[in-house]
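The next block is model26.cif, given as mmCIF, C-alpha atoms.
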```cif
data_model
loop_
_atom_site.group_PDB
_atom_site.id
_atom_site.type_symbol
_atom_site.label_atom_id
_atom_site.label_comp_id
_atom_site.auth_asym_id
_atom_site.auth_seq_id
_atom_site.Cartn_x
_atom_site.Cartn_y
_atom_site.Cartn_z
ATOM 1 C CA MET A 1 0.000 0.000 0.000
ATOM 2 C CA ASN A 2 2.854 2.396 0.725
ATOM 3 C CA ARG A 3 4.009 2.066 -2.868
ATOM 4 C CA VAL A 4 0.474 2.604 -4.191
ATOM 5 C CA TRP A 5 0.013 5.705 -2.019
ATOM 6 C CA ALA A 6 3.380 7.040 -3.174
ATOM 7 C CA SER A 7 3.010 6.360 -6.907
ATOM 8 C CA SER A 8 -0.527 5.937 -8.102
ATOM 9 C CA PRO A 9 -1.731 4.923 -10.508
ATOM 10 C CA ILE A 10 0.613 1.964 -10.479
ATOM 11 C CA THR A 11 0.785 -1.431 -12.164
ATOM 12 C CA ALA A 12 1.139 -4.763 -10.390
ATOM 13 C CA THR A 13 4.578 -5.135 -11.967
ATOM 14 C CA GLU A 14 5.678 -1.797 -10.518
ATOM 15 C CA VAL A 15 4.453 -2.887 -7.081
ATOM 16 C CA PHE A 16 6.345 -6.169 -7.432
ATOM 17 C CA ASP A 17 9.521 -4.388 -8.575
ATOM 18 C CA ALA A 18 9.347 -2.083 -5.532
ATOM 19 C CA LEU A 19 9.420 -5.009 -3.086
ATOM 20 C CA PRO A 20 12.732 -5.769 -1.347
ATOM 21 C CA HIS A 21 14.865 -8.137 -3.396
ATOM 22 C CA ASP A 22 15.148 -10.611 -0.509
ATOM 23 C CA ASN A 23 11.385 -11.234 -0.403
ATOM 24 C CA GLU A 24 9.875 -14.520 -1.479
ATOM 25 C CA TRP A 25 6.814 -13.020 -3.140
ATOM 26 C CA LYS A 26 6.065 -13.921 -6.735
ATOM 27 C CA GLN A 27 4.367 -11.679 -9.297
ATOM 28 C CA LYS A 28 1.245 -13.861 -9.174
ATOM 29 C CA THR A 29 1.042 -13.385 -5.390
ATOM 30 C CA VAL A 30 1.206 -9.594 -5.806
ATOM 31 C CA ASN A 31 -1.515 -9.752 -8.475
ATOM 32 C CA THR A 32 -3.748 -11.786 -6.155
ATOM 33 C CA PHE A 33 -3.091 -9.454 -3.242
ATOM 34 C CA LEU A 34 -3.972 -6.368 -5.312
ATOM 35 C CA THR A 35 -7.146 -8.053 -6.570
ATOM 36 C CA ARG A 36 -8.204 -8.750 -2.988
ATOM 37 C CA LEU A 37 -7.561 -5.135 -2.007
ATOM 38 C CA VAL A 38 -9.808 -4.062 -4.900
ATOM 39 C CA GLU A 39 -12.511 -6.498 -3.723
ATOM 40 C CA LYS A 40 -12.255 -5.087 -0.181
ATOM 41 C CA GLY A 41 -12.649 -1.538 -1.482
ATOM 42 C CA VAL A 42 -9.162 -0.406 -0.523
ATOM 43 C CA LEU A 43 -7.977 0.072 -4.120
ATOM 44 C CA THR A 44 -9.580 0.995 -7.422
ATOM 45 C CA VAL A 45 -8.503 -0.519 -10.711
ATOM 46 C CA ALA A 46 -8.655 0.903 -14.223
ATOM 47 C CA LYS A 47 -7.747 -0.910 -17.436
ATOM 48 C CA GLN A 48 -5.235 0.714 -19.760
ATOM 49 C CA GLY A 49 -4.872 -1.607 -22.696
ATOM 50 C CA HIS A 50 -3.869 -4.973 -21.230
ATOM 51 C CA VAL A 51 -2.577 -3.466 -17.993
ATOM 52 C CA ASN A 52 -4.396 -2.806 -14.732
ATOM 53 C CA LEU A 53 -3.643 0.491 -13.024
ATOM 54 C CA TYR A 54 -4.219 0.537 -9.265
ATOM 55 C CA SER A 55 -5.016 3.609 -7.185
ATOM 56 C CA PRO A 56 -5.886 3.984 -3.516
ATOM 57 C CA ARG A 57 -9.562 4.381 -2.701
ATOM 58 C CA LEU A 58 -8.752 5.119 0.937
ATOM 59 C CA ARG A 59 -6.251 7.548 2.405
ATOM 60 C CA ARG A 60 -3.411 6.150 4.522
ATOM 61 C CA GLU A 61 -4.989 7.604 7.668
ATOM 62 C CA GLU A 62 -8.277 5.809 6.979
ATOM 63 C CA CYS A 63 -6.506 2.463 6.539
ATOM 64 C CA VAL A 64 -4.414 2.925 9.673
ATOM 65 C CA ALA A 65 -7.500 3.805 11.733
ATOM 66 C CA SER A 66 -9.437 0.823 10.412
ATOM 67 C CA GLU A 67 -6.591 -1.655 10.860
ATOM 68 C CA SER A 68 -5.823 -0.320 14.334
ATOM 69 C CA GLU A 69 -9.422 -0.789 15.411
ATOM 70 C CA SER A 70 -9.516 -4.273 13.880
ATOM 71 C CA PHE A 71 -6.280 -5.257 15.661
ATOM 72 C CA LEU A 72 -7.520 -3.846 18.969
ATOM 73 C CA GLN A 73 -10.752 -5.848 18.692
ATOM 74 C CA ARG A 74 -9.115 -9.100 17.525
ATOM 75 C CA VAL A 75 -6.151 -9.205 19.866
ATOM 76 C CA TYR A 76 -7.235 -7.197 22.921
ATOM 77 C CA GLN A 77 -11.030 -7.584 22.714
ATOM 78 C CA GLY A 78 -11.306 -3.802 22.416
ATOM 79 C CA ALA A 79 -9.353 -3.028 25.610
ATOM 80 C CA ALA A 80 -6.884 -0.218 24.816
ATOM 81 C CA GLY A 81 -5.157 -0.245 28.218
ATOM 82 C CA PRO A 82 -3.471 -3.654 27.893
ATOM 83 C CA LEU A 83 -2.445 -2.840 24.318
ATOM 84 C CA LEU A 84 -0.859 0.437 25.373
ATOM 85 C CA LEU A 85 0.911 -1.194 28.325
ATOM 86 C CA HIS A 86 2.277 -3.964 26.109
ATOM 87 C CA PHE A 87 3.704 -1.600 23.507
ATOM 88 C CA CYS A 88 5.143 0.776 26.113
ATOM 89 C CA GLU A 89 6.885 -2.149 27.827
ATOM 90 C CA GLN A 90 8.200 -3.669 24.596
ATOM 91 C CA GLY A 91 9.171 -0.579 22.620
ATOM 92 C CA ASP A 92 11.808 2.054 23.088
ATOM 93 C CA LEU A 93 10.314 5.476 23.766
ATOM 94 C CA ASN A 94 12.208 8.744 23.501
ATOM 95 C CA GLU A 95 11.647 11.694 25.847
ATOM 96 C CA ALA A 96 9.226 13.419 23.466
ATOM 97 C CA GLU A 97 7.107 10.282 23.103
ATOM 98 C CA ILE A 98 7.047 9.769 26.874
ATOM 99 C CA ALA A 99 6.005 13.398 27.370
ATOM 100 C CA ALA A 100 3.248 13.068 24.772
ATOM 101 C CA LEU A 101 1.951 9.907 26.457
ATOM 102 C CA GLN A 102 2.029 11.580 29.870
ATOM 103 C CA LYS A 103 0.095 14.552 28.495
ATOM 104 C CA LEU A 104 -2.494 12.271 26.899
ATOM 105 C CA LEU A 105 -2.885 10.219 30.084
ATOM 106 C CA GLN A 106 -3.296 13.369 32.176
ATOM 107 C CA LYS A 107 -5.986 14.559 29.747
ATOM 108 C CA LYS A 108 -7.748 11.162 29.966
ATOM 109 C CA LYS A 109 -7.484 11.220 33.740
ATOM 110 C CA GLY A 110 -9.145 14.642 33.861
ATOM 111 C CA ARG A 111 -12.165 13.278 31.966
ATOM 112 C CA SER A 112 -12.809 10.521 34.505
#
```
For this file, produce the structure as structure tokens.
Amino acid sequence: MNRVWASSPITATEVFDALPHDNEWKQKTVNTFLTRLVEKGVLTVAKQGHVNLYSPRLRREECVASESESFLQRVYQGAAGPLLLHFCEQGDLNEAEIAALQKLLQKKKGRS
């Protein structure tokens, strides 16, 4: 999707060529994946001769929001607290990120 957002419209071959060289994906796999994204309404497709041109139907922010919500529901049954705790424990946070989290938590605390 990053490649499609960066360079649309784009062909399946261009998506495949943009993948890291150490990947094990085949062109047919990329074609199938793009077709599924069209079926899910994430991409649009337009024919230009014998070539399909893919464009994003959704903005990056919309996809991130949707996938985040889906992940939260699937993995944490909708509970944001355990998810946040897990990622804070596992990830490295810089001072600015810690400050932003503290500010957000203080704001949340004030609403209670």
Evaluated on this file, the PyMOL selection byres ((chain A and resi 15-23) around 12) picks out some residues - which ones are they, written as a PyMOL selection string? chain A and resi 1-14+24-34+52-55
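Atom pair atom CA of A:Glu67 / atom CA of A:Val51: separated by 29.2 Å.
When the PyMOL selection byres ((chain A and resi 58) around 12) is evaluated against the file, it yields Met1, Asn2, Val4, Trp5, Leu37, Val38, Lys40, Gly41, Val42, Leu43, Thr44, Ser55, Pro56, Arg57, Arg59, Arg60, Glu61, Glu62, Cys63, Val64, Ala65 and Ser66 of chain A.
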For the selection you just gave me, I'd like the residues written to a file as a PDB file, in the coordinates of the input, keeping C-alpha atoms.
```pdb
ATOM      1  CA  MET A   1       0.000   0.000   0.000  1.00  0.00           C
ATOM      2  CA  ASN A   2       2.854   2.396   0.725  1.00  0.00           C
ATOM      3  CA  VAL A   4       0.474   2.604  -4.191  1.00  0.00           C
ATOM      4  CA  TRP A   5       0.013   5.705  -2.019  1.00  0.00           C
ATOM      5  CA  LEU A  37      -7.561  -5.135  -2.007  1.00  0.00           C
ATOM      6  CA  VAL A  38      -9.808  -4.062  -4.900  1.00  0.00           C
ATOM      7  CA  LYS A  40     -12.255  -5.087  -0.181  1.00  0.00           C
ATOM      8  CA  GLY A  41     -12.649  -1.538  -1.482  1.00  0.00           C
ATOM      9  CA  VAL A  42      -9.162  -0.406  -0.523  1.00  0.00           C
ATOM     10  CA  LEU A  43      -7.977   0.072  -4.120  1.00  0.00           C
ATOM     11  CA  THR A  44      -9.580   0.995  -7.422  1.00  0.00           C
ATOM     12  CA  SER A  55      -5.016   3.609  -7.185  1.00  0.00           C
ATOM     13  CA  PRO A  56      -5.886   3.984  -3.516  1.00  0.00           C
ATOM     14  CA  ARG A  57      -9.562   4.381  -2.701  1.00  0.00           C
ATOM     15  CA  ARG A  59      -6.251   7.548   2.405  1.00  0.00           C
ATOM     16  CA  ARG A  60      -3.411   6.150   4.522  1.00  0.00           C
ATOM     17  CA  GLU A  61      -4.989   7.604   7.668  1.00  0.00           C
ATOM     18  CA  GLU A  62      -8.277   5.809   6.979  1.00  0.00           C
ATOM     19  CA  CYS A  63      -6.506   2.463   6.539  1.00  0.00           C
ATOM     20  CA  VAL A  64      -4.414   2.925   9.673  1.00  0.00           C
ATOM     21  CA  ALA A  65      -7.500   3.805  11.733  1.00  0.00           C
ATOM     22  CA  SER A  66      -9.437   0.823  10.412  1.00  0.00           C
TER      23      SER A  66
END
```
Can you tell me how far atom CA of A:Phe71 sits from atom CA of A:Val45, in Å to one decimal? 26.9 Å
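Atom CA of A:Thr35 to atom CA of A:Ser68 spans 22.3 Å [interatomic distance, one decimal].
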Grab all the atoms of stretch 55-60 of chain A that the file lists, wrap them in a box along x, y and z, add 4 Å per side, and give me centre plus edge lengths in Å (one decimal) as JSON.
```
{"center_x": -6.5, "center_y": 5.6, "center_z": -1.3, "size_x": 14.2, "size_y": 11.9, "size_z": 19.7}
```
